[in-house]
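Coordinates as given in my_file_26.pdb (PDB, C-alpha atoms (C1' of nucleotides)):
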MODEL        1
ATOM      1  CA  MET A1019       9.599 -48.975  30.977
ATOM      2  CA  ASP A1020       7.660 -45.887  29.937
ATOM      3  CA  GLY A1021       5.294 -43.805  32.028
ATOM      4  CA  LEU A1022       2.092 -45.207  30.590
ATOM      5  CA  ALA A1023      -0.474 -47.206  32.524
ATOM      6  CA  LEU A1024      -0.880 -50.838  31.527
ATOM      7  CA  PRO A1025      -4.583 -51.646  31.173
ATOM      8  CA  VAL A1026      -3.644 -55.317  30.875
ATOM      9  CA  LEU A1027      -2.757 -55.332  34.570
ATOM     10  CA  ARG A1028      -6.495 -55.053  35.265
ATOM     11  CA  GLU A1029      -7.159 -58.040  33.045
ATOM     12  CA  TYR A1030      -4.541 -60.088  34.869
ATOM     13  CA  TYR A1031      -6.255 -59.246  38.116
ATOM     14  CA  ASP A1032      -9.719 -60.181  36.854
ATOM     15  CA  THR A1033      -8.348 -63.431  35.457
ATOM     16  CA  LEU A1034      -6.533 -64.414  38.639
ATOM     17  CA  LEU A1035      -9.518 -63.532  40.795
ATOM     18  CA  ARG A1036     -11.828 -65.658  38.661
ATOM     19  CA  ALA A1037      -9.366 -68.548  38.767
ATOM     20  CA  HIS A1038      -8.488 -68.504  42.453
ATOM     21  CA  GLY A1039     -11.048 -66.382  44.253
ATOM     22  CA  GLY A1040     -10.344 -64.068  47.181
ATOM     23  CA  GLN A1041      -7.233 -64.973  49.157
ATOM     24  CA  ASN A1042      -8.087 -63.051  52.317
ATOM     25  CA  TRP A1043      -4.486 -62.215  53.042
ATOM     26  CA  TRP A1044      -2.263 -61.517  55.084
ATOM     27  CA  PRO A1045      -2.334 -64.558  57.388
ATOM     28  CA  ALA A1046      -2.112 -62.843  60.780
ATOM     29  CA  ARG A1047      -4.275 -62.045  63.779
ATOM     30  CA  THR A1048      -3.142 -58.505  64.494
ATOM     31  CA  ARG A1049      -1.453 -55.577  62.768
ATOM     32  CA  PHE A1050       1.597 -56.083  64.929
ATOM     33  CA  GLU A1051       1.762 -59.706  63.874
ATOM     34  CA  VAL A1052       1.652 -58.611  60.232
ATOM     35  CA  ILE A1053       4.673 -56.404  60.806
ATOM     36  CA  VAL A1054       6.628 -59.114  62.590
ATOM     37  CA  GLY A1055       5.791 -61.570  59.813
ATOM     38  CA  ALA A1056       6.812 -59.076  57.129
ATOM     39  CA  ILE A1057      10.266 -58.781  58.655
ATOM     40  CA  LEU A1058      10.690 -62.483  59.347
ATOM     41  CA  THR A1059       9.709 -63.590  55.858
ATOM     42  CA  GLN A1060      12.413 -61.590  54.090
ATOM     43  CA  ASN A1061      13.919 -63.981  51.539
ATOM     44  CA  THR A1062      12.509 -66.860  53.577
ATOM     45  CA  SER A1063       9.692 -69.321  53.011
ATOM     46  CA  TRP A1064       6.546 -68.704  55.005
ATOM     47  CA  THR A1065       6.600 -72.182  56.554
ATOM     48  CA  ASN A1066       9.838 -71.257  58.323
ATOM     49  CA  VAL A1067       8.201 -68.097  59.606
ATOM     50  CA  GLU A1068       5.065 -69.753  60.893
ATOM     51  CA  ARG A1069       6.841 -71.791  63.539
ATOM     52  CA  VAL A1070       8.409 -68.617  64.857
ATOM     53  CA  ILE A1071       5.084 -66.784  64.984
ATOM     54  CA  VAL A1072       3.594 -69.647  66.974
ATOM     55  CA  ALA A1073       6.545 -69.629  69.379
ATOM     56  CA  LEU A1074       6.404 -65.860  69.843
ATOM     57  CA  ARG A1075       2.682 -66.040  70.514
ATOM     58  CA  ARG A1076       3.178 -68.782  73.064
ATOM     59  CA  GLU A1077       5.767 -66.621  74.822
ATOM     60  CA  ARG A1078       3.397 -63.616  74.741
ATOM     61  CA  LEU A1079       5.928 -61.709  72.697
ATOM     62  CA  LEU A1080       3.728 -60.565  69.824
ATOM     63  CA  SER A1081       3.408 -57.063  71.219
ATOM     64  CA  VAL A1082       5.490 -53.917  71.332
ATOM     65  CA  ARG A1083       6.123 -54.334  75.048
ATOM     66  CA  GLY A1084       6.968 -57.988  74.624
ATOM     67  CA  LEU A1085       9.659 -57.344  72.056
ATOM     68  CA  GLU A1086      10.984 -54.398  74.032
ATOM     69  CA  GLU A1087      11.433 -56.405  77.181
ATOM     70  CA  ILE A1088      13.180 -59.492  75.814
ATOM     71  CA  SER A1089      16.911 -59.278  75.137
ATOM     72  CA  GLU A1090      18.094 -59.282  71.548
ATOM     73  CA  ALA A1091      20.113 -62.454  72.164
ATOM     74  CA  ALA A1092      17.110 -64.311  73.592
ATOM     75  CA  LEU A1093      14.937 -63.053  70.739
ATOM     76  CA  ALA A1094      17.496 -64.317  68.236
ATOM     77  CA  GLN A1095      17.134 -67.829  69.596
ATOM     78  CA  LEU A1096      13.351 -67.637  69.368
ATOM     79  CA  VAL A1097      13.394 -66.541  65.715
ATOM     80  CA  ARG A1098      16.100 -69.038  64.790
ATOM     81  CA  SER A1099      14.058 -71.180  62.443
ATOM     82  CA  SER A1100      13.164 -68.225  60.210
ATOM     83  CA  GLY A1101      16.804 -67.949  59.128
ATOM     84  CA  TYR A1102      19.142 -64.904  59.336
ATOM     85  CA  PHE A1103      18.125 -65.031  62.965
ATOM     86  CA  ARG A1104      20.629 -62.552  64.422
ATOM     87  CA  GLN A1105      19.815 -60.067  61.667
ATOM     88  CA  LYS A1106      16.099 -60.471  62.190
ATOM     89  CA  ALA A1107      16.286 -60.103  65.962
ATOM     90  CA  ARG A1108      18.099 -56.820  65.420
ATOM     91  CA  LYS A1109      15.513 -55.716  62.873
ATOM     92  CA  LEU A1110      12.576 -56.448  65.168
ATOM     93  CA  LYS A1111      14.298 -54.516  67.927
ATOM     94  CA  ALA A1112      14.915 -51.614  65.564
ATOM     95  CA  PHE A1113      11.246 -51.460  64.628
ATOM     96  CA  VAL A1114       9.859 -51.410  68.174
ATOM     97  CA  HIS A1115      12.472 -48.830  69.113
ATOM     98  CA  PHE A1116      11.289 -46.661  66.233
ATOM     99  CA  LEU A1117       7.657 -47.119  67.233
ATOM    100  CA  ARG A1118       8.346 -46.215  70.853
ATOM    101  CA  THR A1119      10.516 -43.214  70.030
ATOM    102  CA  ASN A1120       8.293 -41.677  67.383
ATOM    103  CA  TYR A1121       4.768 -42.827  68.239
ATOM    104  CA  GLN A1122       4.829 -43.758  71.942
ATOM    105  CA  GLY A1123       4.581 -47.398  70.884
ATOM    106  CA  SER A1124       1.206 -46.849  69.213
ATOM    107  CA  LEU A1125       0.439 -48.374  65.814
ATOM    108  CA  ASP A1126      -2.731 -46.258  65.713
ATOM    109  CA  LYS A1127      -0.653 -43.108  65.871
ATOM    110  CA  MET A1128       1.887 -44.441  63.411
ATOM    111  CA  PHE A1129      -0.669 -45.354  60.767
ATOM    112  CA  ARG A1130      -2.367 -41.956  61.058
ATOM    113  CA  THR A1131       0.737 -40.496  59.428
ATOM    114  CA  PRO A1132       0.333 -39.625  55.724
ATOM    115  CA  THR A1133       1.379 -42.519  53.510
ATOM    116  CA  ALA A1134       4.350 -40.892  51.791
ATOM    117  CA  VAL A1135       5.761 -39.541  55.059
ATOM    118  CA  LEU A1136       5.371 -42.830  56.915
ATOM    119  CA  ARG A1137       6.903 -44.726  54.016
ATOM    120  CA  GLU A1138      10.070 -42.643  54.235
ATOM    121  CA  GLN A1139      10.201 -43.133  57.993
ATOM    122  CA  LEU A1140       9.863 -46.890  57.661
ATOM    123  CA  LEU A1141      12.582 -47.030  55.007
ATOM    124  CA  ALA A1142      14.936 -45.272  57.401
ATOM    125  CA  ILE A1143      14.619 -48.099  59.940
ATOM    126  CA  HIS A1144      17.374 -50.686  59.894
ATOM    127  CA  GLY A1145      16.098 -53.849  58.200
ATOM    128  CA  ILE A1146      13.100 -52.304  56.469
ATOM    129  CA  GLY A1147      13.473 -51.960  52.720
ATOM    130  CA  PRO A1148      10.881 -51.148  50.055
ATOM    131  CA  GLU A1149       8.983 -54.441  50.065
ATOM    132  CA  THR A1150       8.788 -54.706  53.833
ATOM    133  CA  ALA A1151       7.761 -51.051  54.167
ATOM    134  CA  ASP A1152       5.010 -51.480  51.612
ATOM    135  CA  SER A1153       3.796 -54.739  53.140
ATOM    136  CA  ILE A1154       3.501 -52.974  56.478
ATOM    137  CA  LEU A1155       1.713 -49.988  54.949
ATOM    138  CA  LEU A1156      -0.747 -52.109  52.971
ATOM    139  CA  TYR A1157      -1.351 -55.231  55.039
ATOM    140  CA  ALA A1158      -1.053 -53.768  58.523
ATOM    141  CA  GLY A1159      -2.082 -50.156  57.883
ATOM    142  CA  ASP A1160      -4.506 -50.367  54.969
ATOM    143  CA  HIS A1161      -2.586 -47.668  53.092
ATOM    144  CA  PRO A1162      -2.909 -47.759  49.278
ATOM    145  CA  VAL A1163       0.566 -48.862  48.187
ATOM    146  CA  PHE A1164       1.261 -51.756  45.834
ATOM    147  CA  VAL A1165       3.673 -54.376  47.170
ATOM    148  CA  VAL A1166       6.297 -55.544  44.699
ATOM    149  CA  ASP A1167       8.074 -58.808  45.382
ATOM    150  CA  ALA A1168       9.983 -61.500  43.532
ATOM    151  CA  TYR A1169       6.736 -63.038  42.225
ATOM    152  CA  THR A1170       5.544 -59.686  40.906
ATOM    153  CA  ARG A1171       8.787 -59.132  39.040
ATOM    154  CA  ARG A1172       8.688 -62.663  37.627
ATOM    155  CA  MET A1173       5.164 -62.175  36.357
ATOM    156  CA  LEU A1174       5.953 -58.873  34.636
ATOM    157  CA  GLN A1175       9.152 -60.277  33.220
ATOM    158  CA  ARG A1176       7.515 -63.370  31.774
ATOM    159  CA  HIS A1177       4.902 -61.213  30.126
ATOM    160  CA  GLY A1178       7.457 -58.819  28.697
ATOM    161  CA  HIS A1179       6.426 -55.767  30.710
ATOM    162  CA  ALA A1180       9.587 -55.359  32.755
ATOM    163  CA  ASP A1181      13.174 -56.409  33.169
ATOM    164  CA  VAL A1182      14.581 -58.070  36.289
ATOM    165  CA  ARG A1183      16.790 -55.071  36.870
ATOM    166  CA  ASP A1184      14.035 -52.483  36.765
ATOM    167  CA  PRO A1185      14.117 -50.532  40.027
ATOM    168  CA  TYR A1186      11.533 -51.392  42.677
ATOM    169  CA  GLU A1187      10.014 -47.911  42.488
ATOM    170  CA  GLU A1188       9.334 -48.205  38.785
ATOM    171  CA  ILE A1189       7.478 -51.484  39.151
ATOM    172  CA  ARG A1190       5.438 -50.088  42.003
ATOM    173  CA  ALA A1191       4.622 -46.925  40.047
ATOM    174  CA  LEU A1192       3.546 -49.047  37.078
ATOM    175  CA  PHE A1193       0.948 -50.884  39.145
ATOM    176  CA  GLU A1194      -0.191 -47.793  40.995
ATOM    177  CA  ARG A1195      -0.866 -45.809  37.831
ATOM    178  CA  SER A1196      -2.558 -48.779  36.141
ATOM    179  CA  LEU A1197      -5.052 -49.408  38.944
ATOM    180  CA  PRO A1198      -7.369 -47.370  41.183
ATOM    181  CA  ALA A1199      -5.708 -46.557  44.540
ATOM    182  CA  ASP A1200      -7.777 -49.062  46.499
ATOM    183  CA  PRO A1201      -6.092 -50.850  49.434
ATOM    184  CA  ALA A1202      -8.478 -53.807  49.179
ATOM    185  CA  LEU A1203      -7.630 -54.209  45.489
ATOM    186  CA  PHE A1204      -3.861 -53.910  46.041
ATOM    187  CA  ASN A1205      -4.105 -56.356  48.914
ATOM    188  CA  GLU A1206      -5.985 -58.949  46.917
ATOM    189  CA  TYR A1207      -3.899 -58.487  43.770
ATOM    190  CA  HIS A1208      -0.581 -59.044  45.489
ATOM    191  CA  ALA A1209      -1.970 -62.077  47.301
ATOM    192  CA  LEU A1210      -3.127 -63.512  43.988
ATOM    193  CA  ILE A1211       0.265 -62.934  42.395
ATOM    194  CA  VAL A1212       2.008 -64.794  45.198
ATOM    195  CA  HIS A1213      -0.525 -67.600  45.140
ATOM    196  CA  THR A1214      -0.183 -67.989  41.388
ATOM    197  CA  GLY A1215       3.592 -67.748  41.521
ATOM    198  CA  LYS A1216       3.892 -70.444  44.159
ATOM    199  CA  HIS A1217       1.788 -72.871  42.179
ATOM    200  CA  PHE A1218       2.809 -72.235  38.591
ATOM    201  CA  CYS A1219       6.022 -70.240  38.346
ATOM    202  CA  ARG A1220       8.509 -72.134  40.480
ATOM    203  CA  THR A1221      11.926 -72.447  38.931
ATOM    204  CA  LYS A1222      11.760 -76.178  39.364
ATOM    205  CA  ASN A1223       8.768 -78.005  37.995
ATOM    206  CA  PRO A1224       6.996 -74.972  36.539
ATOM    207  CA  ARG A1225       3.434 -75.878  35.623
ATOM    208  CA  CYS A1226       3.045 -72.947  33.276
ATOM    209  CA  SER A1227       0.573 -74.789  31.096
ATOM    210  CA  GLU A1228      -1.909 -74.626  33.957
ATOM    211  CA  CYS A1229      -1.321 -70.977  34.819
ATOM    212  CA  PRO A1230      -4.449 -68.835  34.448
ATOM    213  CA  LEU A1231      -2.319 -66.098  32.870
ATOM    214  CA  ARG A1232      -1.021 -68.403  30.164
ATOM    215  CA  PRO A1233      -3.338 -66.938  27.488
ATOM    216  CA  PHE A1234      -1.611 -63.588  27.990
ATOM    217  CA  LEU A1235       1.914 -64.925  27.510
ATOM    218  CA  PRO A1236       3.787 -63.920  24.366
ATOM    219  CA  PRO A1237       4.363 -66.874  21.997
ATOM    220  CA  THR A1238       7.605 -68.784  22.379
ATOM    221  CA  ILE A1239      10.040 -69.194  19.518
ATOM    222  CA  LYS A1240       8.883 -72.772  19.088
ATOM    223  CA  GLU A1241       5.233 -71.772  18.897
ATOM    224  CA  MET A1242       6.014 -69.199  16.207
ATOM    225  CA  ARG A1243       7.358 -71.812  13.811
TER     226      ARG A1243
ATOM    227  C1'  DT B1233      22.385 -83.119  47.680
ATOM    228  C1'  DG B1234      22.340 -78.752  46.262
ATOM    229  C1'  DC B1235      19.025 -75.193  45.312
ATOM    230  C1'  DC B1236      15.552 -72.247  46.774
ATOM    231  C1'  DA B1237      12.492 -69.215  49.653
ATOM    232  C1'  DG B1238       7.167 -63.242  49.879
ATOM    233  C1'  DG B1239      15.057 -58.978  51.145
ATOM    234  C1'  DC B1240      18.194 -55.911  53.141
ATOM    235  C1'  DC B1241      22.638 -53.907  54.469
ATOM    236  C1'  DG B1242      27.259 -52.199  53.908
ATOM    237  C1'  DG B1243      31.156 -51.507  51.261
ATOM    238  C1'  DG B1244      33.060 -51.055  46.859
ATOM    239  C1'  DT B1245      33.224 -49.197  41.982
TER     240       DT B1245
ATOM    241  C1'  DA C1314      23.647 -45.198  40.395
ATOM    242  C1'  DC C1315      24.600 -50.058  40.284
ATOM    243  C1'  DC C1316      27.113 -54.466  41.920
ATOM    244  C1'  DC C1317      28.260 -57.862  45.216
ATOM    245  C1'  DG C1318      29.063 -60.781  49.386
ATOM    246  C1'  DG C1319      27.058 -61.846  53.702
ATOM    247  C1'  DC C1320      23.300 -63.188  56.399
ATOM    248  C1'  DA C1321      20.873 -68.873  57.944
ATOM    249  C1'  DT C1322      17.154 -72.154  58.473
ATOM    250  C1'  DG C1323      14.161 -75.900  56.713
ATOM    251  C1'  DG C1324      11.819 -78.267  52.636
ATOM    252  C1'  DC C1325      12.092 -80.612  48.515
TER     253       DC C1325
ENDMDL
END
Translate this structure into structure tokens?
Amino acid sequence: MDGLALPVLREYYDTLLRAHGGQNWWPARTRFEVIVGAILTQNTSWTNVERVIVALRRERLLSVRGLEEISEAALAQLVRSSGYFRQKARKLKAFVHFLRTNYQGSLDKMFRTPTAVLREQLLAIHGIGPETADSILLYAGDHPVFVVDAYTRRMLQRHGHADVRDPYEEIRALFERSLPADPALFNEYHALIVHTGKHFCRTKNPRCSECPLRPFLPPTIKEMR
DNA sequence: TGCCAGGCCGGGT
DNA sequence: ACCCGGCATGGC
């Protein structure tokens, strides 16, 4: 992948927006809930996460204090249905510990930190990798970073713009230099990619013929004959 | 019934 | 700098 912007990424966005309309993501009531959801949904379907969010809300645990006061073992049981539950309990604990230690438990203070600095801090937390860090920055903090996930990679790969093994940072840089640095745009674009991916690009039963981006696909071998 | 889902870590080359 | 096994539940 070279260092050039890809104007076609703007066309994809326009096309997806026309086809599906605004997605109004991320499904969450508060910034803290966004962060919890971002951690819980790692390699896990959102339906498995939703039950946990509901349970945590019922237990009044969707707050920094709440997660600080419950034991890790008890938390693990509550997040069970989101999978990797011991790992995720530890990760949630690690995040609130970070927030308390560095920002007195205040998301306001945390998100006032310059984007690049905060991104590095988030990446240093156990359980927060590039996608989770960027989801937190964009969807909870309204910072202008593009979130790259499995759907994003699949889309670029199918259209011949990237390889599966391209590093996360390169994919992110590609989007960020091809688009204006607008959090609302990045937010909507990523939501549209996920929405489109879920409906048309599943490994099983792909309905690619109905995908709005189909006109942009390179011809298959069969079609070239 | 196996495969998959909005990743990340730690240890090994 | 990559590569890989482990982590775990619920839906189809």
Query raised in the report: For the file shown, what are the residues hit by the PyMOL selection byres ((chain A) within 12 of (chain C)), laid out as a PyMOL selection string?
Result: chain A and resi 1058-1070+1094-1095+1097-1106+1145+1183-1185+1222-1223
Restricting the output to C-alpha atoms, write the selected residues as an mmCIF file, keeping the file's coordinate frame.
data_model
loop_
_atom_site.group_PDB
_atom_site.id
_atom_site.type_symbol
_atom_site.label_atom_id
_atom_site.label_comp_id
_atom_site.auth_asym_id
_atom_site.auth_seq_id
_atom_site.Cartn_x
_atom_site.Cartn_y
_atom_site.Cartn_z
ATOM 1 C CA LEU A 1058 10.690 -62.483 59.347
ATOM 2 C CA THR A 1059 9.709 -63.590 55.858
ATOM 3 C CA GLN A 1060 12.413 -61.590 54.090
ATOM 4 C CA ASN A 1061 13.919 -63.981 51.539
ATOM 5 C CA THR A 1062 12.509 -66.860 53.577
ATOM 6 C CA SER A 1063 9.692 -69.321 53.011
ATOM 7 C CA TRP A 1064 6.546 -68.704 55.005
ATOM 8 C CA THR A 1065 6.600 -72.182 56.554
ATOM 9 C CA ASN A 1066 9.838 -71.257 58.323
ATOM 10 C CA VAL A 1067 8.201 -68.097 59.606
ATOM 11 C CA GLU A 1068 5.065 -69.753 60.893
ATOM 12 C CA ARG A 1069 6.841 -71.791 63.539
ATOM 13 C CA VAL A 1070 8.409 -68.617 64.857
ATOM 14 C CA ALA A 1094 17.496 -64.317 68.236
ATOM 15 C CA GLN A 1095 17.134 -67.829 69.596
ATOM 16 C CA VAL A 1097 13.394 -66.541 65.715
ATOM 17 C CA ARG A 1098 16.100 -69.038 64.790
ATOM 18 C CA SER A 1099 14.058 -71.180 62.443
ATOM 19 C CA SER A 1100 13.164 -68.225 60.210
ATOM 20 C CA GLY A 1101 16.804 -67.949 59.128
ATOM 21 C CA TYR A 1102 19.142 -64.904 59.336
ATOM 22 C CA PHE A 1103 18.125 -65.031 62.965
ATOM 23 C CA ARG A 1104 20.629 -62.552 64.422
ATOM 24 C CA GLN A 1105 19.815 -60.067 61.667
ATOM 25 C CA LYS A 1106 16.099 -60.471 62.190
ATOM 26 C CA GLY A 1145 16.098 -53.849 58.200
ATOM 27 C CA ARG A 1183 16.790 -55.071 36.870
ATOM 28 C CA ASP A 1184 14.035 -52.483 36.765
ATOM 29 C CA PRO A 1185 14.117 -50.532 40.027
ATOM 30 C CA LYS A 1222 11.760 -76.178 39.364
ATOM 31 C CA ASN A 1223 8.768 -78.005 37.995
#
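Counting all atoms listed in the file, every residue of chain B that comes within 12 Å of chain A is listed here: DC1235, DC1236, DA1237, DG1238, DG1239, DC1240, DC1241 and DG1242 of chain B.
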Centre and size of axis-aligned box enclosing range 1319-1325 of chain C plus 8 Å each side, as AutoDock Vina command-line options:
--center_x 19.4 --center_y -71.2 --center_z 53.5 --size_x 31.2 --size_y 34.8 --size_z 26.0
Evaluating the PyMOL selection byres ((chain A and resi 1090) around 12) on the displayed file yields which residues, as a CSV table (one decimal) with C-alpha atoms, keeping the file's coordinate frame?
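See result06.csv below for the written result:
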chain,number,residue,atom,x,y,z
A,1084,GLY,CA,7.0,-58.0,74.6
A,1085,LEU,CA,9.7,-57.3,72.1
A,1086,GLU,CA,11.0,-54.4,74.0
A,1087,GLU,CA,11.4,-56.4,77.2
A,1088,ILE,CA,13.2,-59.5,75.8
A,1089,SER,CA,16.9,-59.3,75.1
A,1091,ALA,CA,20.1,-62.5,72.2
A,1092,ALA,CA,17.1,-64.3,73.6
A,1093,LEU,CA,14.9,-63.1,70.7
A,1094,ALA,CA,17.5,-64.3,68.2
A,1095,GLN,CA,17.1,-67.8,69.6
A,1096,LEU,CA,13.4,-67.6,69.4
A,1097,VAL,CA,13.4,-66.5,65.7
A,1103,PHE,CA,18.1,-65.0,63.0
A,1104,ARG,CA,20.6,-62.6,64.4
A,1105,GLN,CA,19.8,-60.1,61.7
A,1106,LYS,CA,16.1,-60.5,62.2
A,1107,ALA,CA,16.3,-60.1,66.0
A,1108,ARG,CA,18.1,-56.8,65.4
A,1109,LYS,CA,15.5,-55.7,62.9
A,1110,LEU,CA,12.6,-56.4,65.2
A,1111,LYS,CA,14.3,-54.5,67.9
A,1112,ALA,CA,14.9,-51.6,65.6
A,1114,VAL,CA,9.9,-51.4,68.2
Report task. Return as a count of residues only the set of residues that the PyMOL selection byres ((chain A and resi 1192) around 12) yields on the displayed structure. Result -> 33
Query raised in the report: Is there a way to get, as an MDAnalysis selection string, all residues within 12 Å of the point (-5.7, -61.4, 41.7) in file coordinates, counting only C-alpha atoms (C1' of nucleotides)?
Result: chainID A and resid 1027:1043 1170 1202:1215 1230:1231
Query - Coordinates-based distance that separates CA of Asp1152 in chain A from CA of Cys1229 in chain A (Å, one decimal) - result: 26.5 Å
Report task. Could you tell me how far CA of Phe1234 in chain A lies from CA of Pro1162 in chain A, in Å and to one decimal? Result ->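 Answer for the CA of Phe1234 in chain A to CA of Pro1162 in chain A separation: 26.6 Å.
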**Report entry** Two-atom distance - CA of Arg1137 in chain A, CA of Gly1123 in chain A (Å)
**Finding:**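 So the two atoms, CA of Arg1137 in chain A and CA of Gly1123 in chain A, lie 17.2 Å apart.
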Kindly output range 1194-1217 of chain A as an mmCIF file, in the coordinates of the input, after building N, CA and C atoms.
data_model
loop_
_atom_site.group_PDB
_atom_site.id
_atom_site.type_symbol
_atom_site.label_atom_id
_atom_site.label_comp_id
_atom_site.auth_asym_id
_atom_site.auth_seq_id
_atom_site.Cartn_x
_atom_site.Cartn_y
_atom_site.Cartn_z
ATOM 1 N N GLU A 1194 0.639 -48.808 40.342
ATOM 2 C CA GLU A 1194 -0.191 -47.793 40.995
ATOM 3 C C GLU A 1194 -0.831 -46.848 39.991
ATOM 4 N N ARG A 1195 -0.219 -46.674 38.819
ATOM 5 C CA ARG A 1195 -0.866 -45.809 37.831
ATOM 6 C C ARG A 1195 -1.767 -46.609 36.896
ATOM 7 N N SER A 1196 -1.716 -47.940 36.991
ATOM 8 C CA SER A 1196 -2.558 -48.779 36.141
ATOM 9 C C SER A 1196 -3.841 -49.212 36.849
ATOM 10 N N LEU A 1197 -3.923 -48.929 38.134
ATOM 11 C CA LEU A 1197 -5.052 -49.408 38.944
ATOM 12 C C LEU A 1197 -5.566 -48.273 39.826
ATOM 13 N N PRO A 1198 -6.855 -48.334 40.206
ATOM 14 C CA PRO A 1198 -7.369 -47.370 41.183
ATOM 15 C C PRO A 1198 -6.675 -47.571 42.530
ATOM 16 N N ALA A 1199 -6.445 -46.492 43.270
ATOM 17 C CA ALA A 1199 -5.708 -46.557 44.540
ATOM 18 C C ALA A 1199 -6.591 -47.119 45.638
ATOM 19 N N ASP A 1200 -6.859 -48.400 45.572
ATOM 20 C CA ASP A 1200 -7.777 -49.062 46.499
ATOM 21 C C ASP A 1200 -7.015 -50.118 47.305
ATOM 22 N N PRO A 1201 -6.855 -49.902 48.612
ATOM 23 C CA PRO A 1201 -6.092 -50.850 49.434
ATOM 24 C C PRO A 1201 -6.606 -52.284 49.309
ATOM 25 N N ALA A 1202 -7.926 -52.445 49.264
ATOM 26 C CA ALA A 1202 -8.478 -53.807 49.179
ATOM 27 C C ALA A 1202 -8.075 -54.470 47.862
ATOM 28 N N LEU A 1203 -8.049 -53.692 46.796
ATOM 29 C CA LEU A 1203 -7.630 -54.209 45.489
ATOM 30 C C LEU A 1203 -6.144 -54.567 45.493
ATOM 31 N N PHE A 1204 -5.307 -53.654 45.995
ATOM 32 C CA PHE A 1204 -3.861 -53.910 46.041
ATOM 33 C C PHE A 1204 -3.560 -55.136 46.897
ATOM 34 N N ASN A 1205 -4.261 -55.238 47.991
ATOM 35 C CA ASN A 1205 -4.105 -56.356 48.914
ATOM 36 C C ASN A 1205 -4.395 -57.679 48.198
ATOM 37 N N GLU A 1206 -5.550 -57.718 47.584
ATOM 38 C CA GLU A 1206 -5.985 -58.949 46.917
ATOM 39 C C GLU A 1206 -5.094 -59.291 45.716
ATOM 40 N N TYR A 1207 -4.705 -58.267 44.975
ATOM 41 C CA TYR A 1207 -3.899 -58.487 43.770
ATOM 42 C C TYR A 1207 -2.549 -59.102 44.143
ATOM 43 N N HIS A 1208 -1.892 -58.508 45.095
ATOM 44 C CA HIS A 1208 -0.581 -59.044 45.489
ATOM 45 C C HIS A 1208 -0.700 -60.478 46.014
ATOM 46 N N ALA A 1209 -1.749 -60.717 46.790
ATOM 47 C CA ALA A 1209 -1.970 -62.077 47.301
ATOM 48 C C ALA A 1209 -2.164 -63.055 46.147
ATOM 49 N N LEU A 1210 -2.894 -62.641 45.137
ATOM 50 C CA LEU A 1210 -3.127 -63.512 43.988
ATOM 51 C C LEU A 1210 -1.846 -63.774 43.202
ATOM 52 N N ILE A 1211 -1.014 -62.760 43.094
ATOM 53 C CA ILE A 1211 0.265 -62.934 42.395
ATOM 54 C C ILE A 1211 1.132 -63.962 43.122
ATOM 55 N N VAL A 1212 1.199 -63.846 44.426
ATOM 56 C CA VAL A 1212 2.008 -64.794 45.198
ATOM 57 C C VAL A 1212 1.428 -66.200 45.087
ATOM 58 N N HIS A 1213 0.127 -66.295 45.234
ATOM 59 C CA HIS A 1213 -0.525 -67.600 45.140
ATOM 60 C C HIS A 1213 -0.239 -68.251 43.785
ATOM 61 N N THR A 1214 -0.425 -67.486 42.744
ATOM 62 C CA THR A 1214 -0.183 -67.989 41.388
ATOM 63 C C THR A 1214 1.280 -68.359 41.195
ATOM 64 N N GLY A 1215 2.168 -67.498 41.675
ATOM 65 C CA GLY A 1215 3.592 -67.748 41.521
ATOM 66 C C GLY A 1215 4.017 -69.030 42.210
ATOM 67 N N LYS A 1216 3.512 -69.254 43.410
ATOM 68 C CA LYS A 1216 3.892 -70.444 44.159
ATOM 69 C C LYS A 1216 3.470 -71.713 43.429
ATOM 70 N N HIS A 1217 2.321 -71.660 42.792
ATOM 71 C CA HIS A 1217 1.788 -72.871 42.179
ATOM 72 C C HIS A 1217 2.279 -73.120 40.758
#
